[in-house]
Each structure stands twice: as C-alpha cells, then as structure tokens.
Amino acid sequence: MPPPHELTAQQLYHACDVAELGCDSTSDLPDLEASLGQERALAALNFGVGIQHEGYNLYVMGSPGLGKHAIVRHLLSQQAAQIAPPSDWCYINNFRAPHKPRVLRLPAGTGTDLQADMRTLVRSLLVALPAAFDSDEYRNAMQGLKDKFKAREEELFGSVDSQARAAGIILLRTPAGFTLAPLKDGEVLDAEAFDKLPAEEKQQIEEHTERIRQVLRQALQQGAAASREHDQQVEQLNEAVTRATVERQFIDLEARYSRLAEVAAFLAEVKLDIVEKGLEIFGSAPAEKLLDRQRLTPFNRYFVNVLVDNGGSQGAPLVYEDYPSYQNLIGRIEHQAQMGTLHTDFTLIKGGALHRANGGYLLLDARKLLTTPFAWEALKRALQARELRIQSLEQILSLASTISLEPDPIPLEVKVVLIGDRLLYYLLTQYDPEFPLLFKVEADFAEDLPRSADNTRLYAQLIATLQRREQLRPLDGPAVARLIEQAARAAADGEKLSLHLQDLLDLMREADYWAGQQQRAQVRREDVERAVRERLYRADQLRERLLEAALRDLRHIDSTGQCVAQINGLAVLQLGAHAFGHPARISATARLGDGKVIDIEREVELGGALHSKGVLILCAYLASRFGGSQPLSFSASLVFEQSYGGIDGDSASAAELCVLQSALADLPLRQDLAITGSVDQHGRMQVIGGVNEKIEGFFDLCAARGLSGSQGVIIPQGNIKHLMLRREVVDAVAGGRFHVHAVEHAEQAMALLTGLPAGVADAQGQFPAGTINGAVQRRLRELSELRQRYAHPQSDGPAGNGQADK
C-alpha cells in the first residue's frame, strides 16, 4: 500500500494565470458572440425551432441562473424576425345565431382598420339616417301616401254614407268604430222613438239598416286592405330611403375590402341587417351610447372585435406569459352588469397568450404552468387539437347553467417552449403519457465547461461582454482572473468553470459596488475578493454559531490528542444558496455479538438511504477482509454525536469504517485530523461533494483554537482536482501549519490516524502483529472464541461426564 500523499499549497488552489488572458482589462477584450459552453443546447434549440412537424415543441432544462431565458429569447427573436407577420384574428357577429360568434382571419394590420371603419360607419349612419328621414323629400313622399290613403278612405265611407242617407239611415263615427242609426224628418231616432213606430215601418228600417250594414262591412274590408297597402307603401318608402342612405355609406367600404371575400360577405350581412332594422336602431338611439364602451349597445352587432393585431409586428410573434393561468393562456369571455343582470356578446371575448403567439413562439415557465389549475391540460388540448376554443371554466366544469357564447375555434400553429428544471422534465416524461408526444425536443443546458486555456480566454470575453452590457466599471486583468477562479469554485471543480451566469453577474455587480466605494475607475482583484467575502459574511451567521458552540465546548469536537472509537467526520450544510462545512464527531462501540452493525441514525429514522447504503458497504468490506476464515462475532453501533436533524450521503462511510476499526482493535485515533470520503466494498476511497467547504470547516475550528502544526484533513485522492480552497487555508498549508492528505484506500487513512502500518496478510490470511489489520484480526478472533465458548460450555470434570451425572 503506497503512503498517503500530502498535498502542496499549489495543489489546493487552481489559480488563473493573468498572462493567459491576454489583456490588461476587459476594455481590451471583444464581445463574445456565441453562448459559451452551450453548444449541445443550442443545437437542440435550432433543431426544434427549424422542424415544423407536429409535436416538436421544446422543453429547455437546466438549473436556475444558466441564462436559459436570455439565450432562448435571443435565438427565437432571430428566428421570428425572418418570418412574415401572421394574420390578424377577429370575432364578428353571427346574425343567424348570435351566441355563436364567427371568426374572421385577416392580413396583418387589416383587423384594426376594419374595426375603425365599422365604428366610423355606425357614426355616419347615426347622422345620415335620421337626416334622411327628416328631409323634405321624405316628408313630401310620406304626406303623399297619407293623402292617398285618406282620399281612398273618404271615397269608401262617403259612398256608404250616401247610400245610407238615401235609405233613411245615418252613418255615425264613434270611438268604438262606425254605427248605423235610423233617420226621420232629418233627425236621428232614439230607441224609445223607434219602438213607437208602426211594425211595418220598423221592419222596413231594419231591412234598410241590414243592407247598409253589409255595404259598410264591405267598405271596412276594403279600408283595411287599403290600410295594409298604405303600411306596405310606408315600409317600402322607409326601406328605400334607408337602402339609399346605407348604399351611399357602403360604397367606399365595399370597394376597400372587395379583395377579401370574408369581409365582403360580412359587409353584405351588415348592410342587409341595417336596411331591415336601421330605422328601429338608429332612429331613436342617442348618439352618446355609441361612445360608451362601458356598456353593451345595440350597435355592437355591427362592430369588429380584434382579438389579435399583428399590424405593427416586424416578424412572427414571440410571447412570454409570466402568469400562465387558464384564462391568460386560452382567453376568456367577459360579462358586464346591467340592471343587476350579467350580459355579454362577442365584443367581450378576450384573447390569451396562445392567440397572441399564434403563428410564432410561446415561452412559458414549466413550474408556473404546472402549478396553475387547469392550465396544463388546456395547453395540451389546444396543441393536440391544433385549434383554440375559448370556453369558460364554468362550462368545462359544468358549473354554469346560463346560456353563454360559443365562439368559433381558431386554427392554432405555434411552437411552445417550456423552460424548467430537469426533475420536472423527467417526472412529466414518466407520469404524463401525452408529454413526450407534444414535447419531442429537449434542450439540456450545461452547468459547467472544461477549464482549458481556450475556454478561459472565452470566459474572460464573457466577463467583458457582461460588464459592457450591464454598464459596469471595466475590470483589470487580476480581477478577471479572480472571477474565473471563483467560477471554478462555484463549479466545485478546479478543472471546470461554472456557467451559472446569474451568479457571475451578481458577483460582478457587487465588485463594481465596492470599487465605487473606493472611487476607483476600474474593478480590481481586491474588490472581487471583498465582494466574495461580504457575500459570505451576510449568510454566515449560522456557521459562526456552530463554530462558537464548538469553541465553548457545547459541541464536543476535539482537535488535539488521541481517542479510541471517536473520529472527526466532515459534513456540509446547504442553506439556500449558501453552503458551509463543519466537523461532526462520530463514535462507535464494539462488543460480542453476531456480526451486526447498528446504524443508530437509521434506527431512529434520521439517516437517509444513501447514508444507510454507506454503512452497509463498510460492513461488507469488514466481512470481506476479516470474515474469510471465521465468522464475525461482534456487534457494533455507529452514531453522529450531537446531531439533531436528518443525515444523508455516504461521504462519512470512510470515517465510520475507521472509527469502527478503532473500537474493535482498541486503537486510538488522532483527533487533530478530520476525514471525509466514501469507501467501496474493497476499501477504495471514492470522491465526495463539498470537499472545499468540508476542509474549510475543520480549518476554521482549528484556526480559532490555534493551529498546532499537526492538524489537517484526509480526503480521497480523486478530490484533488476539485480543490479551490480559501486563501487563508492555502497560506496555512504553505507555512506548514495545516495539512491536507489525499489517500486512495481506507487503510492509508487508518495509517495516518493511528501511526501504525496497515499490514499485509500472509499466505494463510494472517496479518502481522503491530499492524492495524493485525490488531483487528486478533480482536475478532478473541470474540469468535468467546462466542464459541458460550455456545458450547464444558464441565470441570472429564468431557461429558458432568453432563451425564446431571
């Protein structure tokens, strides 16, 4: 087994050489034209935008802060600029079925023109129609009809009156109509006088009266026919005046839209309806009602509701809906309260984001969409049907009992781009069978890129581009180098650079602020250092409280001396965007048993699945190493002391293996060393996360108590490339006051912790004395013998005689 490797100060921090940047400040660097490190995502975006088959919508995934929104918007805006603006969409009245408004598709910009023209038409008719019916020509014509009817009426009833007088009967007009009465000597006989007449004379009068009554009845029938004819002539006159007036108003309008067949058909329907109902609507309605947009008016039937206006567009629409609710996506039908009753018509139909994006691109946040009730299902229905059908939620849920509008559906041709995290994408793929059919293209944004010389220079260009875009102070070369180093720290890998542009931009803004506080024209390295330091300070209170608890001995963590069955493990706490490391005391006990290791964290349900897996793996290593020739006859317990929350991850399995061996072999472990790392079933050390924070957590405790020169940490060999430690840690290692050891195997870690060699087994599988493995093997053999002794007890006399005597 090779000895552990103690790292040098240069290995603890992958510094950026300013000379490699080729600039004195960001002012010397050109803008970065392409998106850095996102070639895979850009290729997927270009493919998804370019392919026009059904179902090839896009899901853009990656963690927050990668600049997904900005990159997608930029790409889609470039693509949209190359496409002609799509059609305008309008709703118009359906004169045959008003509850089913008709959709009207018009060339871009035509919708608002038609809307304005129809309002102008109604305004003109409000003036023209009353004026036409108030003209001398109309009055003369109407008077002529009245005179003609009156002459005909007088002719009819004059003839009846003449015949009646000749027969001794008079024709009288009463409020109830006409009546006949007998005459004698020029005077009307009343009933009493009539009764005194001789019977023969009365009979004669009755005969004459009946004959005249028949003549009157015929005259009345002819008068009614004449009245109907007069009414028809009046209606014809009114219709002729209305038609002539309307025709004059429609001449220019029909000529302007003659090339649009659907508009021409709509205008013809409007003209016909106005000719039929114009006098009724326009004759008595005050003009101010037309201008009152807060209420429904009789003129709405002739208006045009422009749902989507693309007149001012320079290309295909690119719409981002920040709040993708059902109504904001699909549209809605509004209502107005009038006299305590809700009313609506087609002019109150409002479009949604899908209407505005029709013919272009719709950008949505996946999480917002999925957390808004009914929105996700509505979007899928629209994409599957390839049409937009506006329905209220009350109708969909069968909660409305009133009659509502049923607008014609609008054909849908849109490319939807969802932006979200990877977990949502995989959950939707797994649990929603429709999702893979509708979103066939995934664009996965990278989290980091390799830290090569070329990429480092490109990253410097990215910093320069962001600096100019945000109008920040220029950064000198060392400041750029420090930002690049911090990007490696953010990537948790000295050989990678983080692509979380939001974090980078925030750090640049904060460094610019501190440079401004010093009244500098350029941002220097110390400004970036201060920005990093101040950011940590703002979020560092909990770490300081934990450190204070250890310094006050409220948390029992030793950093000097030796102790059996106790070791310093290293853990990381992630609180929001802030992560920090802190040491944790791990202890073990061992005793005679049946080979079972009790993980107390798992027993009390504080240990996660990964932590339990790590414990089982180290048990498998012990069984493989020491249980080949004899059963393991011990029981042990492992626990994180003074932990009061959940614990997960397998990065403590190396520490737990070491402390368990210490408990078994009664070997003291150094307390001035802390260890992190996971082990496999063969004892090999495996890389873990958060290595920088873990090292710094133990360093902070040791530094606060005073560095002894022997303190340090043990990490897996594979984590060397991830090291980007704070400057004070690097300086302490350079001065020999602190140490970082890298190991490949758990036996190397035990050798560091105990000062003993691990030991190599001979041909019989026996480890030599004075070694770690030898001490463990000897103790396990003793426990095995004890177990056998208790399993088969013997008497003091000859073998078996004692038992027989009993």
# chains A, B, ... in the order shown; residues from 1 in each chain; ligands from 1
$ select_by_dssp --residues "region 117-343 of chain A" --states "helix (DSSP H, G or I)" --output "ChimeraX atom specification"
/A:117-133,136-166,191-195,199-256,261-282,288-291,298-302,326-330
$ closest_atom_pairs --of "region 559-667 of chain A" --to "region 764-770 of chain A" --cutoff "9 Å" --atoms "only C-alpha atoms" --output "CSV"
residue,atom,partner,partner_atom,distance
A:Phe626,CA,A:Gly765,CA,8.8
A:Gly628,CA,A:Gly765,CA,8.5
A:Ser629,CA,A:Gly765,CA,8.2
$ atom_distance --atom1 "CA of His355 (chain A)" --atom2 "CA of Phe299 (chain A)"
25.9 Å
$ closest_atom_pairs --of "region 29-93 of chain A" --to "region 421-431 of chain A" --cutoff "9 Å" --atoms "only C-alpha atoms" --output "tab-separated table"
residue	atom	partner	partner_atom	distance
A:Tyr59	CA	A:Tyr425	CA	7.5
A:Val60	CA	A:Asp421	CA	8.0
A:Met61	CA	A:Asp421	CA	4.9
A:Gly62	CA	A:Asp421	CA	5.0
A:Ser63	CA	A:Asp421	CA	5.6
A:Pro64	CA	A:Asp421	CA	7.6
$ closest_residue --among "A:Val304, A:Gly420, A:Ala636, A:Leu237" --to "Ala116 (chain A)" --atoms "only C-alpha atoms"
A:Val304
$ residues_around --residues "Leu12 (chain A)" --least-positions-apart "6" --cutoff "6 Å" --atoms "only C-alpha atoms" --output "ChimeraX atom specification"
/A:723-725
$ closest_residue --among "A:Arg105, A:Arg381, A:Arg535, A:Lys150" --to "Ile92 (chain A)" --atoms "only C-alpha atoms"
A:Arg105
$ select_by_dssp --residues "region 41-257 of chain A" --states "strand (DSSP E)" --output "VMD selection string"
chain A and resid 58 to 61 88 to 92 102 to 106 169 to 174 177 to 184 187 to 188
$ atom_distance --atom1 "CA of Ser643 (chain A)" --atom2 "CA of Ala584 (chain A)"
8.2 Å
$ decode --residues "region 520-542 of chain A" --atoms "N, CA and C atoms" --output "mmCIF file, in the first residue's frame"
data_model
loop_
_atom_site.group_PDB
_atom_site.id
_atom_site.type_symbol
_atom_site.label_atom_id
_atom_site.label_comp_id
_atom_site.auth_asym_id
_atom_site.auth_seq_id
_atom_site.Cartn_x
_atom_site.Cartn_y
_atom_site.Cartn_z
ATOM 1 N N ARG A 520 -12.812 54.007 -7.480
ATOM 2 C CA ARG A 520 -11.877 53.512 -8.481
ATOM 3 C C ARG A 520 -12.538 53.545 -9.857
ATOM 4 N N ALA A 521 -11.734 53.758 -10.867
ATOM 5 C CA ALA A 521 -12.234 53.744 -12.246
ATOM 6 C C ALA A 521 -12.337 52.325 -12.772
ATOM 7 N N GLN A 522 -11.543 51.403 -12.198
ATOM 8 C CA GLN A 522 -11.556 50.003 -12.603
ATOM 9 C C GLN A 522 -11.799 49.123 -11.380
ATOM 10 N N VAL A 523 -12.357 47.948 -11.646
ATOM 11 C CA VAL A 523 -12.540 46.956 -10.591
ATOM 12 C C VAL A 523 -11.261 46.154 -10.468
ATOM 13 N N ARG A 524 -10.749 46.054 -9.248
ATOM 14 C CA ARG A 524 -9.511 45.333 -9.002
ATOM 15 C C ARG A 524 -9.800 43.984 -8.347
ATOM 16 N N ARG A 525 -8.734 43.203 -8.207
ATOM 17 C CA ARG A 525 -8.867 41.880 -7.595
ATOM 18 C C ARG A 525 -9.378 41.996 -6.162
ATOM 19 N N GLU A 526 -8.892 42.984 -5.423
ATOM 20 C CA GLU A 526 -9.331 43.128 -4.035
ATOM 21 C C GLU A 526 -10.814 43.466 -3.948
ATOM 22 N N ASP A 527 -11.361 44.116 -4.983
ATOM 23 C CA ASP A 527 -12.800 44.393 -4.985
ATOM 24 C C ASP A 527 -13.601 43.102 -5.152
ATOM 25 N N VAL A 528 -13.099 42.228 -6.016
ATOM 26 C CA VAL A 528 -13.758 40.932 -6.172
ATOM 27 C C VAL A 528 -13.634 40.114 -4.892
ATOM 28 N N GLU A 529 -12.437 40.150 -4.297
ATOM 29 C CA GLU A 529 -12.231 39.446 -3.029
ATOM 30 C C GLU A 529 -13.206 39.952 -1.966
ATOM 31 N N ARG A 530 -13.372 41.262 -1.910
ATOM 32 C CA ARG A 530 -14.278 41.811 -0.901
ATOM 33 C C ARG A 530 -15.719 41.420 -1.191
ATOM 34 N N ALA A 531 -16.084 41.415 -2.454
ATOM 35 C CA ALA A 531 -17.450 41.014 -2.801
ATOM 36 C C ALA A 531 -17.720 39.577 -2.363
ATOM 37 N N VAL A 532 -16.732 38.687 -2.577
ATOM 38 C CA VAL A 532 -16.882 37.295 -2.142
ATOM 39 C C VAL A 532 -16.962 37.225 -0.622
ATOM 40 N N ARG A 533 -16.082 37.969 0.028
ATOM 41 C CA ARG A 533 -16.032 37.948 1.491
ATOM 42 C C ARG A 533 -17.315 38.516 2.102
ATOM 43 N N GLU A 534 -17.793 39.620 1.550
ATOM 44 C CA GLU A 534 -19.006 40.236 2.088
ATOM 45 C C GLU A 534 -20.236 39.353 1.839
ATOM 46 N N ARG A 535 -20.258 38.686 0.703
ATOM 47 C CA ARG A 535 -21.382 37.793 0.422
ATOM 48 C C ARG A 535 -21.423 36.648 1.435
ATOM 49 N N LEU A 536 -20.241 36.086 1.751
ATOM 50 C CA LEU A 536 -20.183 35.025 2.752
ATOM 51 C C LEU A 536 -20.574 35.553 4.131
ATOM 52 N N TYR A 537 -20.131 36.739 4.440
ATOM 53 C CA TYR A 537 -20.413 37.307 5.761
ATOM 54 C C TYR A 537 -21.916 37.505 5.966
ATOM 55 N N ARG A 538 -22.602 37.926 4.911
ATOM 56 C CA ARG A 538 -24.037 38.179 5.044
ATOM 57 C C ARG A 538 -24.812 36.900 5.351
ATOM 58 N N ALA A 539 -24.314 35.763 4.873
ATOM 59 C CA ALA A 539 -25.046 34.499 5.039
ATOM 60 C C ALA A 539 -24.409 33.572 6.054
ATOM 61 N N ASP A 540 -23.407 34.060 6.809
ATOM 62 C CA ASP A 540 -22.541 33.165 7.577
ATOM 63 C C ASP A 540 -22.887 33.070 9.053
ATOM 64 N N GLN A 541 -24.003 33.598 9.479
ATOM 65 C CA GLN A 541 -24.269 33.643 10.908
ATOM 66 C C GLN A 541 -24.431 32.250 11.519
ATOM 67 N N LEU A 542 -25.122 31.352 10.824
ATOM 68 C CA LEU A 542 -25.343 30.020 11.375
ATOM 69 C C LEU A 542 -24.022 29.262 11.504
#
